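In what follows, a structure is listed as structure tokens, so that the remarks can point back to it.
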Amino acid sequence: MNDLQKKMVQQRCNSMNIDRLLQLVQTKEISLDELPGLLPERKAYIEENLNKVPNAQEQKEWAEIQPLLENQDELLLDLLKNYILQWEGSRPTGNHVDEALSLYHQVEAAVSQAIAAQEETDWMAVDPLSKSSLLGHLDKYPHTTHRDEIEEGVWACSNKESVSDLEDYLYRFPGGKHASDAQQMLGAIVEWDNIKNTQDIFTICEYLHSHPDTPFRQQADTLILRLKQKEKTMMKDSPNFYEVDRLKRMLNEGIFTKNELIVDGVMTENVLEVLLNNDLKNDLPDINQAIADSTPECKEGYTDVFFFGVPSTGKTCVLMGLSRSDHLRVNLAAGGGDYASALQQYTDLGITVPRTPGSFVTTLEASISAKAGKSALHKINLVEMSGEEFAFSIANNPDHEFSFEDMGTGATELLKNNNRKVFFLIIDPTINVVKINREVVKEYDQMTGAPITQLERCVANQPTIIQKMVNLMENEQNADIMSKVDSIHIIMTKSDTMGDAVKREEEALKIFNTKYKSNILEPLIDLCKEHNINSHTGFRPKLYTFSLGTFYVGGLYEYEQADSNKLVIAIRNSTQSQRKPTLWDKIKKVVN
């Protein structure tokens with residue numbers, strides 16, 4: 001009945017046939033509540049007779065069920081269920097509710113039996129190793145007797161490191177046997193995701209310490225192994241830049257063992273003992289005080305040995321190595337004795353000294369024994385001077401002054417003396433450009449007389465500086481100095497970065513030929529011929545490689561004499577020997 005028809009019934013409810021109105025209420029096309037204007041006597045009649053006559057709608061629905069009774073299937077079960085829900089409460093005359101209830105239980109049992117039989121057939125086809133196959137069976141049979149088996153199978157197939165898999169399991173089995181485990185795994189995944197991409201080995205170790213039962217222990221252990229290898233690579237490739245305190249912390253926290261570092265070639269036992277058992281800052285002499293207490297003092301009649309190069313190329317390291325060579329003896333009582341003593345102590349402990357200050361110049365008085373069987377000494381002054389002086393003077397040379405004297409460096413006076421000389425050009429194969437900053441006094445305060453300093457900057461290109469140094473030697477204004485030079489050779493420092501002993505020589509020559517040969521070799525040879533320099537090598541400069549030894553973390557090294565001894569021999573071969581005084585010479589000296 002539509003709204004218009006219902007409205008017409010409401011308007012005519014007191015005039016239309018009462019039995020027809022009773023029929024409409026019986027069939028629930030309209031209710032008594034929807035007939036507020038119905039006369040009381042008519043309403044009483046309808047209420048009295050409502051269940052005394054058969055309900056036409058009920059009779060119709062029951063009649064529709066009859067042809068389907070033989071099927072005993074789910075459709076019949078649904079029809080019976082709907083019929084019972086519709087008429088059980090009102091029970092009109094001649095209703096079939098009780099019969100429907102009996103039939104419902106009968107059909108329900110038959111249907112359940114058929115479904116169970118079909119499910120068992122379908123269950124045999126389920127793949128227990130397939131999550132989709134298991135869940136497909138559960139979707140088809142939500143009341144399956146295999147629910148526990150399906151849950152176990154789904155849990156076994158779930159990726160315990162997948163948030164979606166774990167959340168899907170909890171959605172399907174909210175009170176499942178593994179629900180607690182799934183919740184814990186979800187929490188663990190969040191914690192692991194927060195650190196799994198870190199490159200900080202300490203963070204991973206702290207995670208394992210805080211979560212000893214983490215399900216991601218294997219992944220964390222694998223990550224630690226990878227990060228440890230990265231740490232060891234940095235220790236080997238960049239030992240001077242690797243922080244000592246970082247290594248000590250790794251040892252203290254058990255990330256590395258001493259034996260592990262030694263076996264992997266990261267450290268030697270001796271260097272490790274120095275690192276762990278010495279106060280590297282306080283167990284050595286104050287190098288700045290040693291510098292302050294040392295003076296340049298080139299003893300007459302000796303050969304002065306100069307090392308030219310830009311800052312941080314290893315000139316001081318060469319002196320450190322020479323100071324501990326068995327073939328050379330340093331006079332610690334001379335003007336540069338305090339500095340020489342400091343260099344020796346640093347070398348003994350295997351520690352490099354800081355870069356020398358910009359204006360520092362001193363000398364190490366030393367002697368070299370002559371070749372075996374000869375009673376003579378080669379007496380030398382090893383000149384230590386800052387690379388900043390020459391780098392600034394050569395690189396920042398707007399007036400193009402090319403005499404040593406005009407450059408005004410601290411070593412100028414030493415260069416002008418009458419001693420014979422040996423020059424070494426120092427090349428660092430690991431750099432091209434050095435940036436230098438230094439404070440210089442430009443003027444003085446007119447009131448107080450206090451010096452006013454300014455920051456002076458210099459970008460020193462190493463190949464350019466070396467070439468300019470050679471050009472400086474060629475200049476005729478320096479001819480007097482060059483006439484006193486017996487040899488000029490080249491030292492390529494930091495050779496430990498160039499492979500083993502054989503490879504070092506090949507790599508050094510390759511670097512020299514690539515970056516320096518075309519600009520300095522021929523001019524050097526011509527210079528040597530002009531001033532009779534390097535006469536014992538056919539006027540050709542020689543290329544020496546040098547390293548203090550094998551370097552480890554924190555700039556620590558194990559001193560190896562080989563390269564230092566080669567340089568001592570090179571200096572000996574380039575200098576004149578002096579006969580050792582005999583007993584008779586000493587007696588004559590006393591008498592005189």
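Ordering of the structure tokens sets the chain letters (A, B, ...), residue numbers begin anew at 1 in every chain, and ligands are numbered from 1 in the order given.
Residues lying within 9 Å of Lys435 of chain A, counting only C-alpha atoms and ignoring same-chain neighbours fewer than 3 positions away, are A:Arg457, A:Cys458, A:Val459, A:Ala460, A:Asn461.
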Env of segment 357-364 of chain A: 7 Å cut, atoms = only C-alpha atoms, seq-sep filter 2 positions within chain, self excluded. Answer as a PDB file with C-alpha atoms, in the first residue's frame.
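Final file, around18.pdb:
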ATOM      1  CA  SER A 294     115.697  26.443  20.369  1.00  0.00           C
ATOM      2  CA  THR A 295     117.710  28.776  18.162  1.00  0.00           C
ATOM      3  CA  PRO A 296     119.141  28.552  14.639  1.00  0.00           C
ATOM      4  CA  GLU A 297     122.870  27.927  14.881  1.00  0.00           C
ATOM      5  CA  CYS A 298     124.660  26.841  11.730  1.00  0.00           C
ATOM      6  CA  VAL A 330     122.384  14.705  16.872  1.00  0.00           C
ATOM      7  CA  GLY A 336     118.403  23.337  18.465  1.00  0.00           C
ATOM      8  CA  GLY A 337     119.059  20.601  20.997  1.00  0.00           C
ATOM      9  CA  ALA A 340     115.829  17.767  18.582  1.00  0.00           C
ATOM     10  CA  ARG A 355     102.768  21.816  12.402  1.00  0.00           C
ATOM     11  CA  ALA A 366     124.494  16.356  13.629  1.00  0.00           C
ATOM     12  CA  ASN A 381     123.238  21.304  10.180  1.00  0.00           C
ATOM     13  CA  LEU A 382     119.681  20.093   9.540  1.00  0.00           C
ATOM     14  CA  VAL A 383     117.592  23.240   9.074  1.00  0.00           C
ATOM     15  CA  GLU A 384     114.015  23.126  10.385  1.00  0.00           C
ATOM     16  CA  MET A 385     111.866  25.982   9.090  1.00  0.00           C
ATOM     17  CA  SER A 386     108.173  26.563   8.657  1.00  0.00           C
ATOM     18  CA  GLU A 388     104.431  28.996   5.735  1.00  0.00           C
ATOM     19  CA  GLU A 389     107.270  31.488   5.274  1.00  0.00           C
ATOM     20  CA  GLY A 410     113.684  33.418   8.953  1.00  0.00           C
ATOM     21  CA  ALA A 411     115.981  31.123   6.975  1.00  0.00           C
TER      22      ALA A 411
END
(Q) Can you pull out the residues contacting Ala342 of chain A? Cut-off 8 Å, using only C-alpha atoms, and skip same-chain residues under 6 positions away; I want them as a ChimeraX atom specification. (A) /A:284-287,290
**Q.** Selection near segment 62-75 of chain A, 12 Å with only C-alpha atoms, sequence-local residues under 4 positions removed, as a PyMOL selection string
**A.** chain A and resi 54-58+79-84+86-87+94-97+99-100+103-115
Suppose we keep N, CA and C atoms; can you now write the selection as a compact mmCIF listing (two decimals), in the first residue's frame?
# COMPACT_ATOMS: atom_id res chain seq x y z
N PRO A 54 -7.99 -16.73 9.99
CA PRO A 54 -6.67 -16.92 9.37
C PRO A 54 -6.17 -15.63 8.71
N ASN A 55 -4.81 -15.47 8.81
CA ASN A 55 -4.17 -14.30 8.20
C ASN A 55 -3.81 -14.64 6.76
N ALA A 56 -4.34 -13.86 5.86
CA ALA A 56 -4.15 -14.16 4.44
C ALA A 56 -2.67 -14.12 4.05
N GLN A 57 -1.94 -13.17 4.61
CA GLN A 57 -0.51 -13.05 4.26
C GLN A 57 0.28 -14.23 4.80
N GLU A 58 -0.09 -14.63 6.05
CA GLU A 58 0.60 -15.79 6.62
C GLU A 58 0.32 -17.02 5.78
N LEU A 79 13.96 -19.22 4.31
CA LEU A 79 12.52 -18.93 4.21
C LEU A 79 11.82 -19.29 5.53
N LEU A 80 12.17 -20.44 6.09
CA LEU A 80 11.57 -20.85 7.36
C LEU A 80 11.95 -19.87 8.48
N LYS A 81 13.18 -19.46 8.47
CA LYS A 81 13.65 -18.53 9.50
C LYS A 81 12.88 -17.21 9.42
N ASN A 82 12.73 -16.68 8.20
CA ASN A 82 12.01 -15.43 8.01
C ASN A 82 10.54 -15.57 8.41
N TYR A 83 9.93 -16.74 8.06
CA TYR A 83 8.53 -16.99 8.40
C TYR A 83 8.35 -16.99 9.91
N ILE A 84 9.25 -17.67 10.61
CA ILE A 84 9.15 -17.76 12.07
C ILE A 84 9.29 -16.40 12.71
N GLN A 86 8.55 -13.62 11.41
CA GLN A 86 7.41 -12.78 11.05
C GLN A 86 6.16 -13.09 11.87
N TRP A 87 5.93 -14.40 12.16
CA TRP A 87 4.62 -14.76 12.72
C TRP A 87 4.67 -15.38 14.11
N GLY A 94 -4.82 -20.35 12.61
CA GLY A 94 -4.41 -21.24 11.53
C GLY A 94 -2.95 -21.09 11.14
N ASN A 95 -2.13 -20.50 12.03
CA ASN A 95 -0.71 -20.30 11.68
C ASN A 95 0.03 -21.63 11.69
N HIS A 96 1.21 -21.63 11.08
CA HIS A 96 2.04 -22.84 10.93
C HIS A 96 3.40 -22.66 11.61
N VAL A 97 3.43 -21.82 12.66
CA VAL A 97 4.70 -21.50 13.30
C VAL A 97 5.35 -22.72 13.92
N GLU A 99 4.97 -25.84 13.20
CA GLU A 99 5.41 -26.74 12.12
C GLU A 99 6.69 -26.19 11.50
N ALA A 100 6.71 -24.85 11.34
CA ALA A 100 7.91 -24.24 10.75
C ALA A 100 9.12 -24.43 11.65
N LEU A 103 10.32 -27.97 11.29
CA LEU A 103 10.99 -28.14 9.99
C LEU A 103 12.36 -27.42 9.97
N TYR A 104 12.39 -26.27 10.62
CA TYR A 104 13.64 -25.50 10.64
C TYR A 104 14.77 -26.31 11.27
N HIS A 105 14.52 -26.93 12.43
CA HIS A 105 15.56 -27.72 13.10
C HIS A 105 15.95 -28.92 12.26
N GLN A 106 14.98 -29.49 11.60
CA GLN A 106 15.25 -30.65 10.75
C GLN A 106 16.13 -30.26 9.57
N VAL A 107 15.72 -29.15 8.90
CA VAL A 107 16.48 -28.70 7.73
C VAL A 107 17.87 -28.18 8.14
N GLU A 108 17.89 -27.50 9.30
CA GLU A 108 19.18 -26.98 9.78
C GLU A 108 20.18 -28.10 9.98
N ALA A 109 19.74 -29.20 10.57
CA ALA A 109 20.64 -30.35 10.77
C ALA A 109 21.11 -30.91 9.44
N ALA A 110 20.17 -31.02 8.49
CA ALA A 110 20.54 -31.56 7.18
C ALA A 110 21.52 -30.65 6.46
N VAL A 111 21.24 -29.33 6.52
CA VAL A 111 22.12 -28.37 5.86
C VAL A 111 23.51 -28.38 6.50
N SER A 112 23.53 -28.38 7.84
CA SER A 112 24.82 -28.39 8.54
C SER A 112 25.62 -29.62 8.17
N GLN A 113 24.95 -30.74 8.07
CA GLN A 113 25.63 -31.98 7.71
C GLN A 113 26.19 -31.90 6.30
N ALA A 114 25.39 -31.30 5.39
CA ALA A 114 25.84 -31.19 4.00
C ALA A 114 27.02 -30.22 3.89
N ILE A 115 26.91 -29.09 4.66
CA ILE A 115 28.00 -28.11 4.63
C ILE A 115 29.28 -28.71 5.21
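Residues with any atom within 10 Å of segment 168-171 of chain A, counting only C-alpha atoms and excluding same-chain neighbours fewer than 3 positions away, are Glu151, Val154, Trp155, Ser158, Ser162, Val163, Ser164, Asp165, Pro174, Gly175, Gly176, His178, Ala179, Ser180, Ala182 and Gln183 of chain A.
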Q) Could you name the residues that touch segment 133-142 of chain A at 10 Å or less, counting only C-alpha atoms, but leaving out those on the same chain fewer than 5 positions away, as a ChimeraX atom specification? A) /A:115-116,119,122-123,125-128,147,149-154,157,172
Q) Do you know which residues are at most 12 Å from Leu548 of chain A counting only C-alpha atoms, after dropping those on the same chain fewer than 2 positions away, and could you put them as an MDAnalysis selection string? A) chainID A and resid 314:325 346:348 350:352 493:497 545:546 550:552 555:565 567
Q: Using DSSP on the backbone coordinates, identify the residues of segment 59-252 of chain A assigned to alpha helix (DSSP H); present them as a PyMOL selection string.
A: chain A and resi 59-65+74-87+97-123+131-140+147-157+163-172+179-195+201-210+217-237+244-252
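What separates atom CA of Pro40 of chain A from atom CA of Met8 of chain A is a distance of 19.3 Å.
Of the listed residues (A:Met267, A:Leu472, A:Val553, A:Leu50), A:Leu472 comes nearest to Phe308 of chain A; the distances count only C-alpha atoms.
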Q. Which of segment 379-579 of chain A counts as strand (DSSP E) under DSSP, as number ranges by chain please?
A. A: 379-385, 420-427, 433-444, 451-461, 485-492, 543-545, 549-551, 557-559, 578-579
